[in-house]
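So the structure is just underneath, and the comments pick up after that.
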Amino acid sequence: MVKKLLLLWALTVMNANYCISQNKGYVAISIGPSIPIGDFASKDGANDSAGFAKTGAIFDISFAYKLGKNLGISALLRGQSNSFDNSAFASELAKQVGGSWTVDSESWKIGGLMVGGYGSYPISSKVSFDLKAMIGFLRASSPELFVTLDGSGGSVWVKQESKSATSFSYLISTGFKFDVGKKIYLLTNLDYLGSKPEFSNVVVTNSSGSNPTKNTWSQNFGTLNLGIGVGLKI
């Protein structure tokens, strides 16, 4: 009887290890908040790199696959949006120029594709600590701005058109993976995304009827992003 129980236990352990070994990675979708930091979040009108970005949202499709016991490869397709802080921008204009300003704008929009390394380290039979370091490219669109100054003599306006640019980007991520079923993981991730796109020949027009001008400028992007998602084991 003891031999039979030992044999049954050994077969059970071997089968469990085999099943675990088959789960080499996952494909997942995640959503969560995107918090701008540094120049991207700055509301200081004296800072030429101030992005006036507000907390936004991300949507990710990710892939991770272990090539060995703990290390492997990963890929990420990201969409991100951060709204422009109209009231803060209007306040800065009032400080520097005076008068009553109204600002209408679109959001900062970011889409990126990145690839890199992946590490997964078990904490328990159901929980793992994951690390990722990735590089790639993102496509960013600056917000269209429509600024109006209201005065006793009437209103004047300035419009800055939206412009898109492609740039190198990098991402560093940490998180946890929870095994909740035969085919499903729950994922939590905290990552930092950095990039510096240059927006060239951005057209600016105004109500005076003068010829449009074109400006070129760079924007430091830095965001902390919290993602919560569901992964399908592979």
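All residue names refer to the structure tokens as shown: chains lettered A, B, ... in order, residues numbered from 1 in each chain, ligands numbered from 1 in order.
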Give me the residues within 7 Å of Met134 (chain A) as a PyMOL selection string, counting only C-alpha atoms and dropping any in the same chain fewer than 2 places off.
chain A and resi 114-117+132+136+170-172
Kindly assemble as CSV a list of the region 17-55 of chain A residues that lie within 10 Å of region 204-222 of chain A, each paired with its nearest atom pair and their distance in Å to one decimal, using only C-alpha atoms, sorted first by chain and then by ascending residue number.
residue,atom,partner,partner_atom,distance
A:Ser34,CA,A:Gly222,CA,9.8
A:Ile35,CA,A:Gly222,CA,8.5
A:Pro36,CA,A:Gly222,CA,5.9
A:Ile37,CA,A:Gly222,CA,5.5
A:Gly38,CA,A:Gly222,CA,6.5
A:Asp39,CA,A:Asn220,CA,6.1
A:Phe40,CA,A:Phe221,CA,5.4
A:Ala41,CA,A:Gly222,CA,8.2
A:Asp48,CA,A:Gln219,CA,9.1
A:Ser49,CA,A:Gln219,CA,5.9
A:Ala50,CA,A:Gln219,CA,7.9
A:Gly51,CA,A:Gln219,CA,7.1
A:Ala53,CA,A:Phe221,CA,9.7
Region 57-94 of chain A near region 23-26 of chain A within 7 Å: what's each residue's closest atom pair and its distance in Å to one decimal, counting only C-alpha atoms, ordered by chain then ascending residue number, as a Markdown table?
| residue | atom | partner | partner_atom | distance |
| --- | --- | --- | --- | --- |
| A:Phe63 | CA | A:Tyr26 | CA | 5.8 |
| A:Ala64 | CA | A:Gly25 | CA | 5.2 |
| A:Tyr65 | CA | A:Gly25 | CA | 4.2 |
| A:Lys66 | CA | A:Lys24 | CA | 5.3 |
Can you write just those residues out, N, CA and C atoms, as a PDB file, in the first residue's frame?
ATOM      1  N   PHE A  63       2.395  40.189 -25.121  1.00  0.00           N
ATOM      2  CA  PHE A  63       2.793  38.801 -25.339  1.00  0.00           C
ATOM      3  C   PHE A  63       4.065  38.555 -24.539  1.00  0.00           C
ATOM      4  N   ALA A  64       4.145  37.414 -23.883  1.00  0.00           N
ATOM      5  CA  ALA A  64       5.362  37.031 -23.159  1.00  0.00           C
ATOM      6  C   ALA A  64       5.550  35.529 -23.282  1.00  0.00           C
ATOM      7  N   TYR A  65       6.813  35.125 -23.484  1.00  0.00           N
ATOM      8  CA  TYR A  65       7.088  33.702 -23.663  1.00  0.00           C
ATOM      9  C   TYR A  65       8.463  33.372 -23.088  1.00  0.00           C
ATOM     10  N   LYS A  66       8.509  32.370 -22.202  1.00  0.00           N
ATOM     11  CA  LYS A  66       9.766  31.965 -21.582  1.00  0.00           C
ATOM     12  C   LYS A  66      10.528  31.026 -22.510  1.00  0.00           C
TER      13      LYS A  66
END
Could you check how far CA of Ile234 (chain A) sits from CA of Ile184 (chain A), in Å to one decimal?
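Between CA of Ile234 (chain A) and CA of Ile184 (chain A) the gap works out to 9.6 Å.
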Could you find all residues in region 3-227 of chain A that DSSP calls helix (DSSP H, G or I) from the backbone, and write them as number ranges by chain?
A: 3-22, 38-40, 86-97
Pick the closest to Val158 (chain A) from A:Leu131, A:Ile29, A:Val103, A:Leu193: which is it, counting only C-alpha atoms?
A:Val103
If DSSP is run on the backbone, what residues of region 27-180 of chain A are strand (DSSP E or B)? A reply as a ChimeraX atom specification would be ideal.
/A:27-36,53,56-66,71-82,84,100-105,108-122,127-141,145-151,154-160,164-179
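Every protein, DNA or RNA residue with an atom at most 7 Å from region 144-156 of chain A, where only C-alpha atoms count and chain neighbours fewer than 6 positions away do not, is listed here: Gly99, Ser100, Trp101, Thr102, Val103, Asp104, Ser105, Glu106, Ser162 and Ser207 of chain A.
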Any chance you could export the current selection's all heavy atoms as a compact mmCIF listing (two decimals), in the first residue's frame?
# COMPACT_ATOMS: atom_id res chain seq x y z
N GLY A 99 -5.41 89.50 -19.52
CA GLY A 99 -6.65 89.29 -20.24
C GLY A 99 -7.34 88.00 -19.85
O GLY A 99 -6.87 87.24 -19.00
N SER A 100 -8.46 87.77 -20.50
CA SER A 100 -9.28 86.59 -20.23
C SER A 100 -9.15 85.62 -21.41
O SER A 100 -9.53 85.95 -22.53
CB SER A 100 -10.74 87.00 -20.03
OG SER A 100 -11.57 85.88 -19.87
N TRP A 101 -8.63 84.42 -21.13
CA TRP A 101 -8.35 83.43 -22.17
C TRP A 101 -9.26 82.22 -22.07
O TRP A 101 -9.62 81.78 -20.98
CB TRP A 101 -6.89 82.96 -22.08
CG TRP A 101 -5.89 84.04 -22.34
CD1 TRP A 101 -5.40 84.95 -21.45
CD2 TRP A 101 -5.26 84.33 -23.59
NE1 TRP A 101 -4.50 85.79 -22.04
CE2 TRP A 101 -4.39 85.42 -23.37
CE3 TRP A 101 -5.32 83.76 -24.86
CZ2 TRP A 101 -3.61 85.96 -24.38
CZ3 TRP A 101 -4.54 84.29 -25.87
CH2 TRP A 101 -3.69 85.38 -25.63
N THR A 102 -9.61 81.70 -23.23
CA THR A 102 -10.35 80.44 -23.32
C THR A 102 -9.55 79.48 -24.19
O THR A 102 -9.06 79.86 -25.25
CB THR A 102 -11.74 80.65 -23.94
OG1 THR A 102 -12.47 81.60 -23.15
CG2 THR A 102 -12.52 79.33 -23.98
N VAL A 103 -9.42 78.24 -23.72
CA VAL A 103 -8.62 77.25 -24.44
C VAL A 103 -9.48 76.02 -24.73
O VAL A 103 -10.11 75.47 -23.82
CB VAL A 103 -7.38 76.82 -23.64
CG1 VAL A 103 -6.58 75.77 -24.40
CG2 VAL A 103 -6.50 78.03 -23.32
N ASP A 104 -9.51 75.61 -25.98
CA ASP A 104 -10.12 74.34 -26.38
C ASP A 104 -9.03 73.47 -27.00
O ASP A 104 -8.18 73.97 -27.75
CB ASP A 104 -11.24 74.56 -27.41
CG ASP A 104 -12.43 75.29 -26.82
OD1 ASP A 104 -12.91 74.86 -25.75
OD2 ASP A 104 -12.87 76.30 -27.40
N SER A 105 -9.07 72.18 -26.71
CA SER A 105 -7.99 71.33 -27.20
C SER A 105 -8.44 69.89 -27.39
O SER A 105 -9.48 69.47 -26.88
CB SER A 105 -6.81 71.34 -26.21
OG SER A 105 -7.17 70.68 -25.01
N GLU A 106 -7.60 69.16 -28.12
CA GLU A 106 -7.72 67.71 -28.19
C GLU A 106 -6.73 67.10 -27.20
O GLU A 106 -6.08 67.82 -26.45
CB GLU A 106 -7.43 67.23 -29.62
CG GLU A 106 -8.42 67.75 -30.65
CD GLU A 106 -8.07 67.31 -32.06
OE1 GLU A 106 -6.92 66.81 -32.26
OE2 GLU A 106 -8.91 67.45 -32.95
N SER A 162 -2.82 70.02 -34.97
CA SER A 162 -2.24 68.77 -34.48
C SER A 162 -1.18 68.27 -35.46
O SER A 162 -1.28 68.50 -36.67
CB SER A 162 -3.34 67.72 -34.32
OG SER A 162 -2.80 66.48 -33.96
N SER A 207 -6.37 85.03 -36.06
CA SER A 207 -7.52 85.79 -36.59
C SER A 207 -7.12 87.07 -37.29
O SER A 207 -7.97 87.74 -37.91
CB SER A 207 -8.49 86.11 -35.45
OG SER A 207 -7.83 86.83 -34.42
Neighbours of Phe178 (chain A) within 10 Å (only C-alpha atoms; same-chain residues fewer than 4 positions away dropped), as a ChimeraX atom specification?
/A:124-129,184-188,230-231
Would you save the residues of that selection, restricted to C-alpha atoms, as a tab-separated table (two decimals), in the first residue's frame?
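Below is the file result-v4.tsv, written as the result:
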chain	number	residue	atom	x	y	z
A	124	SER	CA	4.30	30.61	-4.82
A	125	SER	CA	2.55	27.93	-6.87
A	126	LYS	CA	0.00	30.52	-8.02
A	127	VAL	CA	1.86	33.86	-8.02
A	128	SER	CA	4.86	35.07	-10.03
A	129	PHE	CA	6.82	38.31	-10.08
A	184	ILE	CA	-6.22	32.17	-17.40
A	185	TYR	CA	-3.83	34.55	-15.64
A	186	LEU	CA	-4.74	37.80	-13.92
A	187	LEU	CA	-2.03	40.43	-14.44
A	188	THR	CA	-1.02	43.66	-12.72
A	230	VAL	CA	-6.38	39.08	-18.27
A	231	GLY	CA	-3.95	36.71	-19.97
In terms of the shortest atom-to-atom distance over only C-alpha atoms, which of A:Glu92, A:Asp85, A:Asp179, A:Asp130 is closest to Leu232 (chain A)?
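Using only C-alpha atoms, the shortest distance to Leu232 (chain A) belongs to A:Asp179.
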If we count only C-alpha atoms, what is near region 70-81 of chain A at a cut-off of 6 Å, once residues fewer than 6 positions away on the same chain are taken out, given as an MDAnalysis selection string?
chainID A and resid 56:64 108:120
From the set A:Ser173, A:Asn47, A:Asn201, A:Ser91, which residue has the shortest atom-to-atom contact distance to Gln160 (chain A), counting only C-alpha atoms?
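Of the candidates, the smallest distance to Gln160 (chain A) is held by A:Asn201.
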Considering only C-alpha atoms, can you say which of A:Gly45, A:Pro143, A:Gly181, A:Pro122 comes closest to Lys95 (chain A)?
A:Gly45
Taking only C-alpha atoms into account, name the residue in A:Gly32, A:Tyr192, A:Asn82, A:Leu67 that is nearest to Thr55 (chain A).
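Closest candidate: A:Asn82.
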Using only C-alpha atoms, the residue out of A:Thr174, A:Asn189, A:Ser42, A:Thr223 with shortest distance to Ala133 (chain A) is A:Thr174
If you measure from CA of Ser141 (chain A) to CA of Ala165 (chain A), what distance in Å do you get, rounded to one decimal?
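Pair CA of Ser141 (chain A) / CA of Ala165 (chain A) returns 6.6 Å.
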